[in-house]
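To be precise, the following lines are entry-v5.txt, and they hold compact mmCIF, C-alpha atoms and all ligand atoms.
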```txt
# COMPACT_ATOMS: atom_id res chain seq x y z
CA MET A 1320 -72.64 39.16 -91.76
CA LEU A 1321 -73.06 35.43 -91.23
CA ILE A 1322 -73.43 34.37 -87.58
CA LEU A 1323 -72.24 30.83 -86.84
CA THR A 1324 -72.82 29.26 -83.44
CA ALA A 1325 -71.11 26.11 -82.17
CA THR A 1326 -74.29 24.15 -82.96
CA ASP A 1327 -74.25 25.44 -86.55
CA ILE A 1328 -70.59 24.52 -87.06
CA LYS A 1329 -70.97 21.03 -85.59
CA LYS A 1330 -73.66 20.26 -88.20
CA PHE A 1331 -71.20 20.19 -91.10
CA TYR A 1332 -67.59 20.71 -90.03
CA THR A 1333 -65.76 17.59 -88.86
CA MET A 1334 -62.56 17.01 -86.92
CA LYS A 1335 -61.11 15.61 -90.16
CA ASP A 1336 -61.88 18.94 -91.90
CA ALA A 1337 -60.24 20.81 -89.03
CA ILE A 1338 -57.09 18.64 -89.10
CA ALA A 1339 -56.70 19.22 -92.85
CA ALA A 1340 -57.21 22.99 -92.36
CA ASP A 1341 -54.67 23.18 -89.50
CA LYS A 1342 -52.04 21.34 -91.57
CA GLN A 1343 -52.56 23.80 -94.41
CA ALA A 1344 -52.51 26.82 -92.07
CA LEU A 1345 -49.20 25.83 -90.47
CA LYS A 1346 -47.67 25.03 -93.87
CA ILE A 1347 -48.55 28.59 -94.97
CA TYR A 1348 -47.14 29.96 -91.69
CA THR A 1349 -43.83 28.09 -91.99
CA GLN A 1350 -43.47 29.19 -95.63
CA GLY A 1351 -43.67 32.80 -94.40
CA ASN A 1352 -46.94 33.51 -96.19
CA SER A 1353 -48.81 34.94 -93.23
CA ASP A 1354 -48.64 37.98 -90.98
CA VAL A 1355 -49.27 37.31 -87.31
CA PRO A 1356 -48.72 40.43 -85.18
CA LEU A 1357 -48.19 40.07 -81.45
CA ARG A 1358 -51.36 39.60 -79.42
CA ILE A 1359 -52.72 42.91 -78.07
CA ASN A 1360 -53.83 42.75 -74.42
CA PHE A 1361 -55.94 45.40 -72.67
CA ASP A 1362 -56.29 45.28 -68.89
CA MET A 1363 -59.76 46.43 -67.89
CA LYS A 1364 -61.34 47.02 -64.50
CA LYS A 1365 -63.17 43.69 -64.47
CA GLY A 1366 -60.89 41.61 -66.65
CA GLN A 1367 -58.67 41.42 -69.70
CA CYS A 1368 -59.35 41.57 -73.46
CA LEU A 1369 -57.03 39.87 -75.94
CA PHE A 1370 -56.99 40.65 -79.68
CA MET A 1371 -55.37 38.06 -81.96
CA PRO A 1372 -55.34 39.02 -85.66
CA ALA A 1373 -53.79 37.22 -88.64
CA HIS A 1374 -53.47 37.75 -92.41
CA ILE A 1375 -52.95 34.86 -94.82
CA LYS A 1376 -51.17 36.70 -97.62
CA GLY A 1377 -51.79 34.73 -100.86
CA SER A 1378 -55.54 34.29 -100.42
CA ASP A 1379 -55.93 37.58 -98.52
CA ILE A 1380 -57.78 35.97 -95.65
CA VAL A 1381 -57.94 38.35 -92.70
CA GLY A 1382 -59.57 37.77 -89.34
CA ILE A 1383 -59.25 38.32 -85.63
CA LYS A 1384 -60.08 36.34 -82.52
CA ILE A 1385 -61.25 38.43 -79.57
CA VAL A 1386 -61.02 36.64 -76.24
CA SER A 1387 -61.91 38.20 -72.89
CA VAL A 1388 -61.12 36.86 -69.45
CA PHE A 1389 -63.70 38.20 -66.99
CA PRO A 1390 -63.61 36.01 -63.85
CA ASP A 1391 -66.82 37.46 -62.32
CA ASN A 1392 -68.94 36.71 -65.40
CA PRO A 1393 -70.35 33.40 -64.04
CA LYS A 1394 -72.12 35.42 -61.30
CA LEU A 1395 -74.00 37.13 -64.14
CA GLY A 1396 -74.75 33.80 -65.79
CA LYS A 1397 -72.18 34.50 -68.52
CA PRO A 1398 -69.04 32.54 -69.55
CA SER A 1399 -65.80 33.71 -67.88
CA VAL A 1400 -63.84 33.45 -71.15
CA PRO A 1401 -66.14 34.68 -73.95
CA ALA A 1402 -64.58 34.56 -77.44
CA GLN A 1403 -65.55 35.34 -81.03
CA VAL A 1404 -63.75 35.04 -84.35
CA LEU A 1405 -64.47 37.79 -86.91
CA MET A 1406 -63.69 37.20 -90.60
CA LEU A 1407 -63.28 39.88 -93.27
CA ASP A 1408 -64.40 39.66 -96.89
CA PRO A 1409 -61.23 39.71 -99.06
CA GLN A 1410 -63.10 41.67 -101.80
CA THR A 1411 -64.65 44.44 -99.66
CA GLY A 1412 -62.88 44.41 -96.29
CA GLU A 1413 -66.25 44.18 -94.56
CA VAL A 1414 -66.76 41.83 -91.61
CA CYS A 1415 -68.47 38.90 -93.31
CA ALA A 1416 -68.74 36.37 -90.48
CA MET A 1417 -68.74 36.00 -86.72
CA LEU A 1418 -68.06 32.53 -85.30
CA ASP A 1419 -68.23 31.12 -81.77
CA GLY A 1420 -64.61 31.62 -80.73
CA THR A 1421 -64.68 29.20 -77.80
CA PHE A 1422 -65.72 26.38 -80.12
CA VAL A 1423 -63.26 27.39 -82.86
CA THR A 1424 -60.42 27.46 -80.29
CA ALA A 1425 -61.20 23.97 -79.01
CA LEU A 1426 -61.61 22.65 -82.56
CA ARG A 1427 -58.36 24.09 -83.93
CA THR A 1428 -56.43 23.11 -80.78
CA GLY A 1429 -57.67 19.52 -80.92
CA ALA A 1430 -57.03 19.46 -84.66
CA VAL A 1431 -53.44 20.71 -84.42
CA GLN A 1432 -52.71 17.87 -82.00
CA GLY A 1433 -54.51 15.52 -84.41
CA ALA A 1434 -52.33 16.80 -87.26
CA ALA A 1435 -49.16 16.19 -85.24
CA THR A 1436 -50.33 12.78 -84.05
CA ASP A 1437 -51.21 11.84 -87.63
CA LEU A 1438 -47.77 12.89 -88.89
CA LEU A 1439 -45.71 11.50 -85.99
CA ALA A 1440 -47.39 8.59 -84.17
CA ARG A 1441 -46.72 5.02 -85.31
CA ARG A 1442 -49.21 3.86 -87.94
CA ASP A 1443 -50.13 0.91 -85.68
CA ALA A 1444 -50.54 3.04 -82.54
CA CYS A 1445 -53.50 1.61 -80.61
CA ARG A 1446 -53.18 2.69 -76.96
CA ALA A 1447 -53.37 6.32 -75.82
CA VAL A 1448 -53.40 8.31 -72.59
CA LEU A 1449 -55.23 11.62 -72.15
CA ILE A 1450 -54.11 13.73 -69.17
CA GLY A 1451 -56.44 16.60 -68.28
CA THR A 1452 -60.23 16.62 -68.52
CA GLY A 1453 -61.03 20.36 -68.69
CA GLY A 1454 -62.55 22.50 -71.43
CA GLN A 1455 -60.06 21.46 -74.13
CA ALA A 1456 -60.16 17.73 -73.43
CA ILE A 1457 -63.12 16.68 -75.61
CA SER A 1458 -61.58 17.86 -78.87
CA GLN A 1459 -58.18 16.49 -77.82
CA LEU A 1460 -59.71 13.05 -77.35
CA GLU A 1461 -61.69 13.31 -80.60
CA ALA A 1462 -58.54 14.24 -82.52
CA MET A 1463 -56.61 11.18 -81.29
CA LEU A 1464 -59.58 8.90 -82.03
CA THR A 1465 -59.87 10.42 -85.53
CA VAL A 1466 -56.29 9.88 -86.71
CA ARG A 1467 -55.60 6.37 -85.35
CA SER A 1468 -57.67 3.22 -84.80
CA LEU A 1469 -57.28 3.15 -81.04
CA THR A 1470 -58.33 0.15 -78.99
CA ASP A 1471 -57.84 1.82 -75.57
CA VAL A 1472 -57.60 5.33 -74.15
CA ALA A 1473 -56.76 5.83 -70.47
CA ILE A 1474 -58.09 9.13 -69.08
CA PHE A 1475 -56.49 10.88 -66.11
CA ASP A 1476 -56.87 14.12 -64.14
CA ILE A 1477 -55.64 15.15 -60.68
CA ASP A 1478 -59.30 15.82 -59.98
CA THR A 1479 -60.42 12.19 -59.82
CA GLN A 1480 -64.14 12.89 -59.68
CA LYS A 1481 -63.92 15.10 -62.74
CA ALA A 1482 -61.93 12.50 -64.65
CA LYS A 1483 -64.46 9.76 -63.82
CA GLN A 1484 -67.39 11.90 -64.92
CA PHE A 1485 -65.61 12.97 -68.10
CA THR A 1486 -64.81 9.35 -68.95
CA ASP A 1487 -68.45 8.32 -68.52
CA GLU A 1488 -69.63 11.17 -70.74
CA MET A 1489 -67.05 10.42 -73.43
CA LYS A 1490 -68.03 6.73 -73.52
CA HIS A 1491 -71.45 7.83 -74.79
CA ARG A 1492 -70.28 10.70 -76.94
CA PHE A 1493 -67.63 8.69 -78.79
CA ALA A 1494 -69.29 5.26 -78.69
CA HIS A 1495 -69.13 5.16 -82.52
CA PHE A 1496 -65.32 4.82 -82.38
CA SER A 1497 -65.64 1.45 -80.55
CA THR A 1498 -62.61 2.37 -78.42
CA HIS A 1499 -62.37 1.27 -74.80
CA LEU A 1500 -62.24 4.54 -72.83
CA TYR A 1501 -61.40 4.09 -69.16
CA PHE A 1502 -60.48 6.13 -66.10
CA SER A 1503 -56.79 5.60 -65.34
CA GLN A 1504 -56.20 4.20 -61.86
CA ASN A 1505 -52.50 3.64 -62.44
CA LEU A 1506 -51.05 6.38 -64.61
CA ASP A 1507 -47.49 4.95 -64.59
CA GLU A 1508 -48.74 1.64 -65.93
CA ASP A 1509 -50.89 3.29 -68.61
CA ILE A 1510 -48.00 5.55 -69.66
CA SER A 1511 -45.70 2.52 -69.94
CA GLN A 1512 -48.14 0.88 -72.39
CA ALA A 1513 -49.02 4.01 -74.37
CA ASP A 1514 -48.28 4.65 -78.04
CA ILE A 1515 -49.67 8.21 -77.81
CA ILE A 1516 -49.73 10.53 -74.76
CA THR A 1517 -51.58 13.87 -74.78
CA SER A 1518 -51.33 16.25 -71.85
CA VAL A 1519 -53.78 19.19 -71.80
CA THR A 1520 -53.67 20.63 -68.30
CA THR A 1521 -52.93 23.87 -66.43
CA SER A 1522 -50.11 22.16 -64.51
CA LYS A 1523 -46.89 23.82 -63.37
CA VAL A 1524 -45.22 20.46 -62.78
CA VAL A 1525 -44.70 17.55 -65.18
CA THR A 1526 -47.88 15.53 -65.58
CA PHE A 1527 -46.37 12.05 -66.13
CA ASN A 1528 -43.26 10.03 -65.33
CA GLY A 1529 -40.82 10.27 -68.26
CA ASP A 1530 -39.03 7.07 -67.15
CA LYS A 1531 -42.16 5.08 -67.98
CA VAL A 1532 -42.36 6.21 -71.62
CA ARG A 1533 -41.42 3.38 -73.97
CA ALA A 1534 -39.66 3.53 -77.33
CA GLY A 1535 -41.92 4.41 -80.24
CA THR A 1536 -44.27 6.66 -78.26
CA HIS A 1537 -45.58 9.98 -79.55
CA ILE A 1538 -46.22 12.74 -76.97
CA ASN A 1539 -48.32 15.90 -77.30
CA GLY A 1540 -47.99 18.82 -74.87
CA VAL A 1541 -50.93 21.17 -75.33
CA GLY A 1542 -51.53 22.87 -71.98
CA ALA A 1543 -48.45 24.87 -70.89
CA TYR A 1544 -48.40 28.40 -72.30
CA THR A 1545 -46.27 30.40 -69.82
CA PRO A 1546 -42.60 29.96 -68.83
CA GLU A 1547 -43.77 28.76 -65.37
CA MET A 1548 -46.01 26.03 -66.79
CA HIS A 1549 -44.77 22.53 -67.46
CA GLU A 1550 -46.22 19.23 -68.66
CA ILE A 1551 -43.60 17.24 -70.61
CA PRO A 1552 -40.65 15.90 -68.53
CA GLU A 1553 -37.33 17.50 -69.53
CA LYS A 1554 -35.74 14.07 -69.81
CA ILE A 1555 -38.20 13.20 -72.58
CA VAL A 1556 -37.59 16.47 -74.42
CA GLU A 1557 -33.88 15.59 -74.33
CA LYS A 1558 -34.39 11.93 -75.26
CA ALA A 1559 -36.87 12.50 -78.10
CA ASN A 1560 -35.68 11.78 -81.63
CA ILE A 1561 -38.04 14.24 -83.32
CA ARG A 1562 -39.26 17.45 -81.63
CA VAL A 1563 -41.95 19.49 -83.35
CA LEU A 1564 -43.66 22.79 -82.45
CA ASP A 1565 -46.73 24.53 -83.85
CA THR A 1566 -44.66 27.72 -84.14
CA LYS A 1567 -41.09 28.16 -82.94
CA GLU A 1568 -41.71 31.84 -82.17
CA GLY A 1569 -44.65 31.11 -79.87
CA VAL A 1570 -43.25 28.07 -78.07
CA PHE A 1571 -39.75 29.47 -77.46
CA ALA A 1572 -41.33 32.61 -75.96
CA GLU A 1573 -44.08 30.99 -73.91
CA ALA A 1574 -43.83 27.29 -73.08
CA GLY A 1575 -42.00 26.32 -69.88
CA ASP A 1576 -41.67 22.68 -70.90
CA ILE A 1577 -39.48 23.68 -73.86
CA ILE A 1578 -37.87 26.89 -72.47
CA GLU A 1579 -36.51 25.03 -69.40
CA PRO A 1580 -34.60 22.21 -71.20
CA ILE A 1581 -33.16 24.80 -73.61
CA LYS A 1582 -32.05 26.91 -70.65
CA GLN A 1583 -30.44 23.81 -69.10
CA LYS A 1584 -28.67 23.17 -72.44
CA LEU A 1585 -30.23 19.69 -72.70
CA VAL A 1586 -31.39 20.73 -76.19
CA SER A 1587 -30.98 23.80 -78.38
CA GLU A 1588 -33.46 25.73 -80.54
CA ASP A 1589 -31.90 24.07 -83.61
CA ASP A 1590 -33.19 20.69 -82.40
CA PHE A 1591 -36.81 21.67 -83.16
CA LEU A 1592 -38.92 21.62 -86.32
CA GLU A 1593 -42.25 23.28 -87.02
CA LEU A 1594 -45.30 21.21 -87.89
CA GLY A 1595 -45.37 23.10 -91.19
CA ASP A 1596 -41.93 21.61 -91.98
CA LEU A 1597 -43.43 18.10 -91.77
CA VAL A 1598 -46.34 19.02 -94.05
CA ILE A 1599 -43.92 20.53 -96.59
CA ASP A 1600 -41.46 17.61 -96.36
CA PRO A 1601 -42.99 14.40 -94.95
CA THR A 1602 -39.56 12.68 -94.98
CA GLN A 1603 -38.95 14.62 -91.74
CA CYS A 1604 -41.69 12.60 -89.97
CA ARG A 1605 -41.02 9.42 -87.97
CA GLN A 1606 -38.53 7.05 -89.68
CA ASN A 1607 -38.96 3.92 -87.56
CA ASP A 1608 -41.06 2.33 -84.82
CA GLN A 1609 -38.52 2.97 -82.06
CA GLN A 1610 -38.33 6.75 -82.21
CA ILE A 1611 -39.85 8.90 -79.48
CA THR A 1612 -41.52 11.98 -80.96
CA ILE A 1613 -42.88 15.07 -79.23
CA PHE A 1614 -45.17 17.87 -80.32
CA LYS A 1615 -45.69 21.07 -78.35
CA SER A 1616 -48.29 23.73 -79.16
CA VAL A 1617 -49.19 27.10 -77.67
CA GLY A 1618 -51.56 28.14 -80.45
CA THR A 1619 -51.44 30.88 -83.07
CA ALA A 1620 -54.02 33.20 -84.64
CA VAL A 1621 -53.17 31.69 -88.06
CA LEU A 1622 -55.07 28.57 -86.99
CA ASP A 1623 -58.15 30.52 -85.83
CA VAL A 1624 -58.27 32.66 -88.95
CA TYR A 1625 -57.55 29.93 -91.52
CA ILE A 1626 -60.06 27.53 -90.01
CA GLY A 1627 -62.55 30.40 -89.46
CA TYR A 1628 -62.55 31.20 -93.16
CA ASP A 1629 -62.76 27.53 -94.16
CA ILE A 1630 -65.81 27.13 -91.91
CA TYR A 1631 -67.37 30.34 -93.30
CA LEU A 1632 -66.99 29.20 -96.94
CA LYS A 1633 -68.44 25.76 -96.22
CA ALA A 1634 -71.33 27.25 -94.20
CA LYS A 1635 -72.22 29.57 -97.08
CA GLU A 1636 -72.19 26.66 -99.51
CA LYS A 1637 -74.48 24.64 -97.23
CA GLU A 1638 -76.66 27.65 -96.33
CA ILE A 1639 -76.10 27.19 -92.60
CA GLY A 1640 -76.16 30.07 -90.07
CA ILE A 1641 -78.10 33.32 -89.79
CA TYR A 1642 -77.41 36.56 -91.71
CA LEU A 1643 -77.56 39.81 -89.72
N1 LIG B 1 -52.06 24.95 -77.21
C1 LIG B 1 -53.10 25.71 -77.46
O1 LIG B 1 -53.30 26.21 -78.56
C2 LIG B 1 -54.11 25.91 -76.37
C3 LIG B 1 -55.40 26.38 -76.71
C4 LIG B 1 -56.35 26.53 -75.69
C5 LIG B 1 -55.99 26.23 -74.38
N2 LIG B 1 -54.72 25.82 -74.08
C6 LIG B 1 -54.30 25.54 -72.71
O2 LIG B 1 -54.65 24.20 -72.39
C7 LIG B 1 -54.74 24.08 -70.97
C8 LIG B 1 -56.02 23.33 -70.63
O3 LIG B 1 -57.13 24.12 -71.02
P1 LIG B 1 -58.58 23.78 -70.43
O4 LIG B 1 -59.50 24.81 -70.97
O5 LIG B 1 -58.89 22.33 -70.66
O6 LIG B 1 -58.32 24.05 -68.87
P2 LIG B 1 -59.27 23.67 -67.64
O7 LIG B 1 -58.89 24.59 -66.54
O8 LIG B 1 -60.69 23.60 -68.08
O9 LIG B 1 -58.81 22.17 -67.27
C9 LIG B 1 -57.50 21.87 -66.86
C10 LIG B 1 -57.52 20.49 -66.23
O10 LIG B 1 -56.17 20.12 -65.94
C11 LIG B 1 -56.22 19.37 -64.72
N3 LIG B 1 -54.87 19.33 -64.16
C12 LIG B 1 -54.14 20.36 -63.66
N4 LIG B 1 -52.93 19.92 -63.28
C13 LIG B 1 -52.89 18.59 -63.55
C14 LIG B 1 -51.90 17.57 -63.40
N5 LIG B 1 -50.70 17.82 -62.86
N6 LIG B 1 -52.21 16.31 -63.79
C15 LIG B 1 -53.43 16.03 -64.32
N7 LIG B 1 -54.39 16.94 -64.48
C16 LIG B 1 -54.13 18.21 -64.11
C17 LIG B 1 -57.23 20.12 -63.88
O11 LIG B 1 -57.71 19.33 -62.80
C18 LIG B 1 -58.30 20.43 -64.90
O12 LIG B 1 -59.27 19.41 -65.00
C19 LIG B 1 -54.73 25.52 -70.42
O13 LIG B 1 -53.46 25.79 -69.89
C20 LIG B 1 -55.02 26.36 -71.65
O14 LIG B 1 -54.51 27.66 -71.57
C21 LIG B 1 -53.80 25.64 -75.07
```

Take the structure in this file and express it as structure tokens.
Amino acid sequence: MLILTATDIKKFYTMKDAIAADKQALKIYTQGNSDVPLRINFDMKKGQCLFMPAHIKGSDIVGIKIVSVFPDNPKLGKPSVPAQVLMLDPQTGEVCAMLDGTFVTALRTGAVQGAATDLLARRDACRAVLIGTGGQAISQLEAMLTVRSLTDVAIFDIDTQKAKQFTDEMKHRFAHFSTHLYFSQNLDEDISQADIITSVTTSKVVTFNGDKVRAGTHINGVGAYTPEMHEIPEKIVEKANIRVLDTKEGVFAEAGDIIEPIKQKLVSEDDFLELGDLVIDPTQCRQNDQQITIFKSVGTAVLDVYIGYDIYLKAKEKEIGIYL
């Protein structure tokens, strides 16, 4: 079994690789060529364990992400949300690889936003806003920087200190993009000038003012994953010309910012496409510079498993990682 840590993966697997893998994974999903059973949750005394398997049928790729939520772990010097991705060998059924699941989650989640932004944002998009500076934010920022030549990215969080510190760190980390990264002191103004907006928070209320969004903007909602959670203003969901989801099944069941406007009959389920639809038929992407487009993701095990196997194959080729 090949063990791949985050440090191993970072050595050879780029955000561009991840975006290409996510596009392929969601194309396969939308074509009906994958099996993704419902997540299995076990409540334990000290926390919860979640099992997320998937099978890519044609290539017989099978894997599972195991994520645990154990809030007291930090007291033991351990992460509160440990995660691993296990991959199976299609020839023997043996577990052939174990990857750092926290890193794979952040990578595939950033990359799916990057895929959507690549397919939907204006080609000349140059100003972006990132809302939320938690664990997922680095890969979200990297994905936007990867798919468009951005001149400016405004960074915002309700925790001002955190946002300032994050911005300073990202200036160094992503200096090679030559993009002006700055802490947003006036979110309304930054939203009104944005070509791309990405919200990746744990918020239960909308994270930006929909009235400030201008024509031609592309919006990504990445954070909300329960019916009570909300990031994208309903008005924008209603006003958008193109509305795209990672998976309809997941978003319609879980994401408050899409469930609510459907409940209010502002939009109907028929008004949404899957990202896989755009990969299969690119004529469904943006048609002009005035359209407002939105993308909402809640994640799916297909992404973890497809990208997990892609990383495993490339690692083997490059002889990276340790065999147990
Ligand atoms: N779509 C997916 O596939 C996917 C994958 C992983 C995580 N997520 C979700 O993304 C969200 C963010 O994850 P994380 O690990 O970065 O969380 P985190 O807890 O590390 O950070 C969340 C950040 O959001 C900020 N925030 C909360 N409300 C806000 C608001 N109204 N305006 C601005 N900032 C606000 C918080 O201050 C915090 O810094 C979570 O809800 C997580 O479950 C989605």

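Atom to atom, atom C7 of ligand LIG 1 (chain B) and atom CA of Val1541 of chain A stand 6.5 Å apart.
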
For chain A versus ligand LIG 1 (chain B), which residues have an atom no more than 8 Å away, and what is each residue's nearest atom pair and distance in Å rounded to one decimal, using all atoms listed in the file, chain-then-number order, as a Markdown table?
```
| residue | atom | partner | partner_atom | distance |
| --- | --- | --- | --- | --- |
| A:Thr1424 | CA | B:LIG1 | C4 | 6.2 |
| A:Ala1425 | CA | B:LIG1 | C4 | 6.4 |
| A:Arg1427 | CA | B:LIG1 | O1 | 7.7 |
| A:Thr1428 | CA | B:LIG1 | O1 | 4.9 |
| A:Ile1450 | CA | B:LIG1 | C15 | 5.4 |
| A:Gly1451 | CA | B:LIG1 | O10 | 4.2 |
| A:Thr1452 | CA | B:LIG1 | O12 | 4.6 |
| A:Gly1453 | CA | B:LIG1 | O9 | 3.2 |
| A:Gly1454 | CA | B:LIG1 | O5 | 3.7 |
| A:Gln1455 | CA | B:LIG1 | O5 | 3.8 |
| A:Ala1456 | CA | B:LIG1 | O5 | 5.5 |
| A:Phe1475 | CA | B:LIG1 | C15 | 6.3 |
| A:Asp1476 | CA | B:LIG1 | N7 | 3.8 |
| A:Ile1477 | CA | B:LIG1 | C15 | 4.3 |
| A:Asp1478 | CA | B:LIG1 | O11 | 4.8 |
| A:Lys1481 | CA | B:LIG1 | O12 | 6.7 |
| A:Ala1482 | CA | B:LIG1 | O12 | 7.4 |
| A:Ser1518 | CA | B:LIG1 | C15 | 7.8 |
| A:Val1519 | CA | B:LIG1 | C8 | 4.9 |
| A:Thr1520 | CA | B:LIG1 | O10 | 3.5 |
| A:Thr1521 | CA | B:LIG1 | O13 | 4.0 |
| A:Ser1522 | CA | B:LIG1 | N4 | 3.8 |
| A:Lys1523 | CA | B:LIG1 | N5 | 7.1 |
| A:Val1524 | CA | B:LIG1 | N5 | 6.1 |
| A:Val1525 | CA | B:LIG1 | N5 | 6.4 |
| A:Thr1526 | CA | B:LIG1 | N5 | 4.5 |
| A:Phe1527 | CA | B:LIG1 | N6 | 7.6 |
| A:Gly1540 | CA | B:LIG1 | N1 | 7.7 |
| A:Val1541 | CA | B:LIG1 | N1 | 4.4 |
| A:Gly1542 | CA | B:LIG1 | O2 | 3.4 |
| A:Ala1543 | CA | B:LIG1 | O13 | 5.2 |
| A:Tyr1544 | CA | B:LIG1 | O13 | 6.2 |
| A:Glu1550 | CA | B:LIG1 | N5 | 7.5 |
| A:Lys1615 | CA | B:LIG1 | N1 | 7.5 |
| A:Ser1616 | CA | B:LIG1 | N1 | 4.4 |
| A:Val1617 | CA | B:LIG1 | N1 | 3.6 |
| A:Gly1618 | CA | B:LIG1 | O1 | 3.2 |
| A:Thr1619 | CA | B:LIG1 | O1 | 6.8 |
```

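Separating atom CA of Asn1352 of chain A from atom CA of Phe1571 of chain A is a distance of 20.5 Å.
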
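Among the candidates A:Leu1464, A:Ile1338, A:Asp1514, A:Val1532, the one nearest to Ala1494 of chain A when counting all atoms listed in the file is A:Leu1464.
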
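Around the coordinate (-41.1, 24.6, -90.3), residues that reach within 10 Å when counting all atoms listed in the file are Leu1345, Lys1346, Ile1347, Tyr1348, Thr1349, Gln1350, Gly1351, Val1563, Leu1564, Asp1565, Thr1566, Lys1567, Phe1591, Leu1592, Glu1593, Leu1594, Gly1595, Asp1596, Leu1597, Val1598, Ile1599 and Asp1600 of chain A.
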
Best match for closeness to Lys1335 of chain A among A:Gly1569, A:Pro1372, A:Gly1575, A:Gly1429, counting only C-alpha atoms: A:Gly1429

One decimal, in Å: what's the spacing between atom CA of Leu1438 of chain A and atom CA of Lys1330 of chain A? 26.9 Å
